[in-house]
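**Student:** Enclosed is the structure file query.cif (mmCIF, C-alpha atoms; chains and numbers go by the auth columns).
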data_structure
#
loop_
_atom_site.group_PDB
_atom_site.id
_atom_site.type_symbol
_atom_site.label_atom_id
_atom_site.label_comp_id
_atom_site.label_asym_id
_atom_site.label_seq_id
_atom_site.Cartn_x
_atom_site.Cartn_y
_atom_site.Cartn_z
_atom_site.B_iso_or_equiv
_atom_site.auth_seq_id
_atom_site.auth_asym_id
ATOM 1 C CA MET A 1 11.251 -9.296 -5.235 0.00 1 A
ATOM 2 C CA LEU A 2 11.397 -6.108 -7.321 0.00 2 A
ATOM 3 C CA VAL A 3 8.767 -5.910 -10.048 0.00 3 A
ATOM 4 C CA ILE A 4 9.829 -3.487 -12.746 0.00 4 A
ATOM 5 C CA LEU A 5 7.247 -1.403 -14.596 0.00 5 A
ATOM 6 C CA ALA A 6 8.458 0.264 -17.774 0.00 6 A
ATOM 7 C CA ALA A 7 6.887 2.368 -20.493 0.00 7 A
ATOM 8 C CA GLY A 8 8.002 4.359 -23.494 0.00 8 A
ATOM 9 C CA ASP A 9 10.208 3.071 -26.302 0.00 9 A
ATOM 10 C CA ARG A 10 9.840 -0.708 -26.563 0.00 10 A
ATOM 11 C CA THR A 11 13.269 -1.049 -28.195 0.00 11 A
ATOM 12 C CA VAL A 12 14.924 0.562 -25.176 0.00 12 A
ATOM 13 C CA TYR A 13 12.914 -1.745 -22.907 0.00 13 A
ATOM 14 C CA GLU A 14 14.108 -4.790 -24.835 0.00 14 A
ATOM 15 C CA ASP A 15 17.718 -3.505 -24.773 0.00 15 A
ATOM 16 C CA CYS A 16 17.462 -3.259 -20.987 0.00 16 A
ATOM 17 C CA SER A 17 15.747 -6.604 -20.434 0.00 17 A
ATOM 18 C CA SER A 18 18.892 -8.374 -19.197 0.00 18 A
ATOM 19 C CA CYS A 19 19.391 -5.635 -16.603 0.00 19 A
ATOM 20 C CA PHE A 20 15.763 -5.905 -15.559 0.00 20 A
ATOM 21 C CA GLN A 21 16.165 -9.684 -15.165 0.00 21 A
ATOM 22 C CA ALA A 22 19.238 -9.154 -12.987 0.00 22 A
ATOM 23 C CA MET A 23 17.560 -6.498 -10.844 0.00 23 A
ATOM 24 C CA GLY A 24 14.058 -7.829 -10.430 0.00 24 A
ATOM 25 C CA LYS A 25 11.709 -10.737 -10.177 0.00 25 A
ATOM 26 C CA THR A 26 9.925 -9.757 -13.381 0.00 26 A
ATOM 27 C CA SER A 27 9.268 -6.769 -15.601 0.00 27 A
ATOM 28 C CA PHE A 28 6.289 -5.435 -17.512 0.00 28 A
ATOM 29 C CA PHE A 29 6.262 -3.203 -20.573 0.00 29 A
ATOM 30 C CA LEU A 30 3.163 -1.035 -20.330 0.00 30 A
ATOM 31 C CA GLY A 31 3.183 0.880 -23.609 0.00 31 A
ATOM 32 C CA GLU A 32 3.343 4.632 -23.972 0.00 32 A
ATOM 33 C CA ALA A 33 5.308 6.886 -21.661 0.00 33 A
ATOM 34 C CA GLY A 34 3.414 7.617 -18.443 0.00 34 A
ATOM 35 C CA ASN A 35 1.665 4.249 -18.269 0.00 35 A
ATOM 36 C CA ALA A 36 4.147 2.836 -15.755 0.00 36 A
ATOM 37 C CA ALA A 37 3.581 5.810 -13.448 0.00 37 A
ATOM 38 C CA ARG A 38 -0.192 5.446 -13.774 0.00 38 A
ATOM 39 C CA MET A 39 -0.013 1.713 -13.069 0.00 39 A
ATOM 40 C CA MET A 40 2.180 2.347 -10.021 0.00 40 A
ATOM 41 C CA LEU A 41 -0.403 4.805 -8.650 0.00 41 A
ATOM 42 C CA ILE A 42 -3.148 2.213 -9.132 0.00 42 A
ATOM 43 C CA LEU A 43 -1.086 -0.477 -7.379 0.00 43 A
ATOM 44 C CA ASN A 44 -0.245 1.875 -4.502 0.00 44 A
ATOM 45 C CA MET A 45 -3.920 2.861 -4.255 0.00 45 A
ATOM 46 C CA VAL A 46 -4.850 -0.804 -3.791 0.00 46 A
ATOM 47 C CA GLN A 47 -2.031 -1.375 -1.289 0.00 47 A
ATOM 48 C CA GLY A 48 -2.932 1.722 0.737 0.00 48 A
ATOM 49 C CA SER A 49 -6.631 0.886 0.785 0.00 49 A
ATOM 50 C CA PHE A 50 -5.857 -2.710 1.773 0.00 50 A
ATOM 51 C CA MET A 51 -3.549 -1.614 4.615 0.00 51 A
ATOM 52 C CA ALA A 52 -6.193 0.766 5.956 0.00 52 A
ATOM 53 C CA THR A 53 -8.758 -2.060 5.868 0.00 53 A
ATOM 54 C CA ILE A 54 -6.414 -4.427 7.702 0.00 54 A
ATOM 55 C CA ALA A 55 -5.832 -1.764 10.384 0.00 55 A
ATOM 56 C CA GLU A 56 -9.589 -1.261 10.648 0.00 56 A
ATOM 57 C CA GLY A 57 -10.083 -5.020 11.062 0.00 57 A
ATOM 58 C CA LEU A 58 -7.438 -5.219 13.791 0.00 58 A
ATOM 59 C CA THR A 59 -8.985 -2.367 15.752 0.00 59 A
ATOM 60 C CA LEU A 60 -12.535 -3.660 15.271 0.00 60 A
ATOM 61 C CA ALA A 61 -11.405 -7.048 16.566 0.00 61 A
ATOM 62 C CA GLN A 62 -10.009 -5.350 19.659 0.00 62 A
ATOM 63 C CA ALA A 63 -13.086 -3.151 20.121 0.00 63 A
ATOM 64 C CA THR A 64 -15.360 -6.197 20.049 0.00 64 A
ATOM 65 C CA GLY A 65 -13.299 -8.206 22.511 0.00 65 A
ATOM 66 C CA GLN A 66 -11.579 -10.372 19.928 0.00 66 A
ATOM 67 C CA SER A 67 -7.884 -11.168 20.013 0.00 67 A
ATOM 68 C CA GLN A 68 -5.916 -9.189 17.453 0.00 68 A
ATOM 69 C CA GLN A 69 -3.367 -12.004 17.305 0.00 69 A
ATOM 70 C CA THR A 70 -6.102 -14.542 16.583 0.00 70 A
ATOM 71 C CA PHE A 71 -7.496 -12.238 13.891 0.00 71 A
ATOM 72 C CA LEU A 72 -4.035 -12.163 12.324 0.00 72 A
ATOM 73 C CA ASP A 73 -3.579 -15.927 12.661 0.00 73 A
ATOM 74 C CA ILE A 74 -6.901 -16.569 10.911 0.00 74 A
ATOM 75 C CA LEU A 75 -6.183 -13.952 8.233 0.00 75 A
ATOM 76 C CA CYS A 76 -2.790 -15.487 7.486 0.00 76 A
ATOM 77 C CA GLN A 77 -4.292 -18.941 6.973 0.00 77 A
ATOM 78 C CA GLY A 78 -6.891 -17.897 4.429 0.00 78 A
ATOM 79 C CA GLN A 79 -7.055 -16.529 0.921 0.00 79 A
ATOM 80 C CA MET A 80 -5.473 -13.206 1.874 0.00 80 A
ATOM 81 C CA ALA A 81 -2.384 -14.810 3.375 0.00 81 A
ATOM 82 C CA SER A 82 0.752 -13.033 2.244 0.00 82 A
ATOM 83 C CA THR A 83 4.107 -11.909 3.503 0.00 83 A
ATOM 84 C CA PHE A 84 2.793 -8.342 3.344 0.00 84 A
ATOM 85 C CA VAL A 85 -0.171 -9.060 5.622 0.00 85 A
ATOM 86 C CA ASP A 86 1.878 -11.071 8.089 0.00 86 A
ATOM 87 C CA GLN A 87 4.730 -8.552 8.276 0.00 87 A
ATOM 88 C CA LYS A 88 2.565 -5.437 8.560 0.00 88 A
ATOM 89 C CA CYS A 89 0.232 -6.971 11.149 0.00 89 A
ATOM 90 C CA GLN A 90 3.084 -8.320 13.271 0.00 90 A
ATOM 91 C CA ASN A 91 4.694 -4.881 13.164 0.00 91 A
ATOM 92 C CA ILE A 92 1.439 -3.271 14.289 0.00 92 A
ATOM 93 C CA LEU A 93 1.032 -5.722 17.168 0.00 93 A
ATOM 94 C CA GLN A 94 4.647 -5.068 18.222 0.00 94 A
ATOM 95 C CA GLY A 95 4.263 -1.291 17.893 0.00 95 A
ATOM 96 C CA ASN A 96 7.025 -1.255 15.281 0.00 96 A
ATOM 97 C CA PHE A 97 6.320 1.413 12.692 0.00 97 A
ATOM 98 C CA LYS A 98 9.841 1.698 11.287 0.00 98 A
ATOM 99 C CA PRO A 99 9.257 2.854 7.725 0.00 99 A
ATOM 100 C CA ASP A 100 9.405 0.420 4.856 0.00 100 A
ATOM 101 C CA TYR A 101 7.087 2.660 2.839 0.00 101 A
ATOM 102 C CA TYR A 102 6.395 6.056 4.382 0.00 102 A
ATOM 103 C CA LEU A 103 2.816 6.810 5.316 0.00 103 A
ATOM 104 C CA LYS A 104 3.103 10.307 3.815 0.00 104 A
ATOM 105 C CA HIS A 105 3.994 8.778 0.431 0.00 105 A
ATOM 106 C CA ILE A 106 1.078 6.336 0.338 0.00 106 A
ATOM 107 C CA GLN A 107 -1.291 9.177 1.237 0.00 107 A
ATOM 108 C CA LYS A 108 0.172 11.267 -1.612 0.00 108 A
ATOM 109 C CA ASP A 109 -0.300 8.339 -3.998 0.00 109 A
ATOM 110 C CA LEU A 110 -3.886 7.852 -2.853 0.00 110 A
ATOM 111 C CA ARG A 111 -4.537 11.547 -3.475 0.00 111 A
ATOM 112 C CA LEU A 112 -2.963 11.308 -6.946 0.00 112 A
ATOM 113 C CA ALA A 113 -4.885 8.124 -7.798 0.00 113 A
ATOM 114 C CA ILE A 114 -8.148 9.815 -6.792 0.00 114 A
ATOM 115 C CA SER A 115 -7.244 12.743 -9.041 0.00 115 A
ATOM 116 C CA MET A 116 -6.388 10.346 -11.872 0.00 116 A
ATOM 117 C CA GLY A 117 -9.787 8.693 -11.385 0.00 117 A
ATOM 118 C CA ASP A 118 -11.466 12.090 -11.540 0.00 118 A
ATOM 119 C CA MET A 119 -9.664 12.885 -14.808 0.00 119 A
ATOM 120 C CA ALA A 120 -10.809 9.538 -16.247 0.00 120 A
ATOM 121 C CA ASN A 121 -14.346 10.152 -14.938 0.00 121 A
ATOM 122 C CA HIS A 122 -13.983 6.985 -12.846 0.00 122 A
ATOM 123 C CA PRO A 123 -15.148 6.876 -9.209 0.00 123 A
ATOM 124 C CA THR A 124 -12.657 5.913 -6.492 0.00 124 A
ATOM 125 C CA PRO A 125 -14.756 5.845 -3.307 0.00 125 A
ATOM 126 C CA MET A 126 -12.658 3.184 -1.550 0.00 126 A
ATOM 127 C CA ALA A 127 -9.455 5.119 -2.205 0.00 127 A
ATOM 128 C CA ALA A 128 -11.158 8.308 -1.040 0.00 128 A
ATOM 129 C CA ALA A 129 -12.196 6.677 2.233 0.00 129 A
ATOM 130 C CA ALA A 130 -8.699 5.272 2.786 0.00 130 A
ATOM 131 C CA ASN A 131 -7.186 8.667 1.960 0.00 131 A
ATOM 132 C CA GLU A 132 -9.197 10.254 4.770 0.00 132 A
ATOM 133 C CA VAL A 133 -7.882 7.688 7.257 0.00 133 A
ATOM 134 C CA TYR A 134 -4.279 8.338 6.145 0.00 134 A
ATOM 135 C CA LYS A 135 -4.872 12.089 6.449 0.00 135 A
ATOM 136 C CA ARG A 136 -6.004 11.493 10.030 0.00 136 A
ATOM 137 C CA ALA A 137 -2.868 9.427 10.682 0.00 137 A
ATOM 138 C CA LYS A 138 -0.753 12.268 9.267 0.00 138 A
ATOM 139 C CA ALA A 139 -2.523 14.695 11.607 0.00 139 A
ATOM 140 C CA LEU A 140 -1.432 12.371 14.438 0.00 140 A
ATOM 141 C CA ASP A 141 2.240 12.812 13.420 0.00 141 A
ATOM 142 C CA GLN A 142 2.549 9.468 11.628 0.00 142 A
ATOM 143 C CA SER A 143 3.835 10.843 8.290 0.00 143 A
ATOM 144 C CA ASP A 144 7.381 9.554 8.712 0.00 144 A
ATOM 145 C CA ASN A 145 6.302 6.132 9.960 0.00 145 A
ATOM 146 C CA ASP A 146 5.448 3.068 7.903 0.00 146 A
ATOM 147 C CA ILE A 147 2.087 2.821 6.142 0.00 147 A
ATOM 148 C CA SER A 148 1.026 0.365 8.853 0.00 148 A
ATOM 149 C CA ALA A 149 0.951 3.331 11.258 0.00 149 A
ATOM 150 C CA VAL A 150 -2.450 4.063 9.699 0.00 150 A
ATOM 151 C CA TYR A 151 -3.535 1.770 12.548 0.00 151 A
ATOM 152 C CA ARG A 152 -3.004 4.687 14.933 0.00 152 A
ATOM 153 C CA ALA A 153 -5.734 6.677 13.178 0.00 153 A
ATOM 154 C CA TYR A 154 -8.213 4.122 14.524 0.00 154 A
ATOM 155 C CA ILE A 155 -6.993 4.091 18.124 0.00 155 A
ATOM 156 C CA HIS A 156 -6.876 7.846 18.770 0.00 156 A
#
Represent the structure contained in this file as structure tokens.
**Tutor:**
Amino acid sequence: MLVILAAGDRTVYEDCSSCFQAMGKTSFFLGEAGNAARMMLILNMVQGSFMATIAEGLTLAQATGQSQQTFLDILCQGQMASTFVDQKCQNILQGNFKPDYYLKHIQKDLRLAISMGDMANHPTPMAAAANEVYKRAKALDQSDNDISAVYRAYIH
């Protein structure tokens, strides 16, 4: 399932392509050095913002008397259905926050993506809002838990 992002010397990328094929699902050459790191920050920004929104949806469902499990069942049958959504939501409902991707790292990446947006004079209000929720989760001692522990920022 690994997706490899590479940047820099295209010849080196091509020389390594057989290794990339053996190690990952696919690979992308993104041009000049630094582009792979920038793309990874953008992808992590989207993932972190999405996870915070899912956690917000789960807690809003509960707060309005809706079943969180039914919310998840409906979510997993629609356009947003994915292994990621199903796994993270099931873990939340089971109280399992064993880290797959540490919350402290997604918050760092959100912070860096916001900074990158500032440098490019591009607004990142969704990432900024998600970053605040992750900062709250960190203040609740969730740093070393999975990113899905952002859920706890909504219930405390």
**Student:** My list of candidates is A:Gly8, A:Gly31, A:Gly48, A:Gly78. Which is closest to Leu110 (chain A) when distances are computed with only C-alpha atoms?
**Tutor:**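 Closest to Leu110 (chain A), using only C-alpha atoms: A:Gly48.
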**Student:** Need the shell around Ile4 (chain A): protein/DNA/RNA residues with any atom at most 8 Å away, counting all atoms listed in the file. Skip same-chain ones fewer than 3 positions apart. Format as a list in words?
**Tutor:** Phe20, Gly24, Lys25, Thr26, Ser27 and Phe28 of chain A
**Student:** Between CA of Gly65 (chain A) and CA of Ala153 (chain A), what is the distance, to one decimal in Å?
**Tutor:**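 Computing it gives 19.1 Å between the two atoms.
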**Student:** Suppose you want the space between CA of Ser148 (chain A) and CA of Gly117 (chain A); what is it in Å?
**Tutor:**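 Rounded to one decimal, the two atoms are 24.4 Å apart.
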**Student:** Could you work out how far CA of Arg38 (chain A) lies from CA of Ala129 (chain A), giving the answer in Å with one decimal?
**Tutor:** 20.0 Å
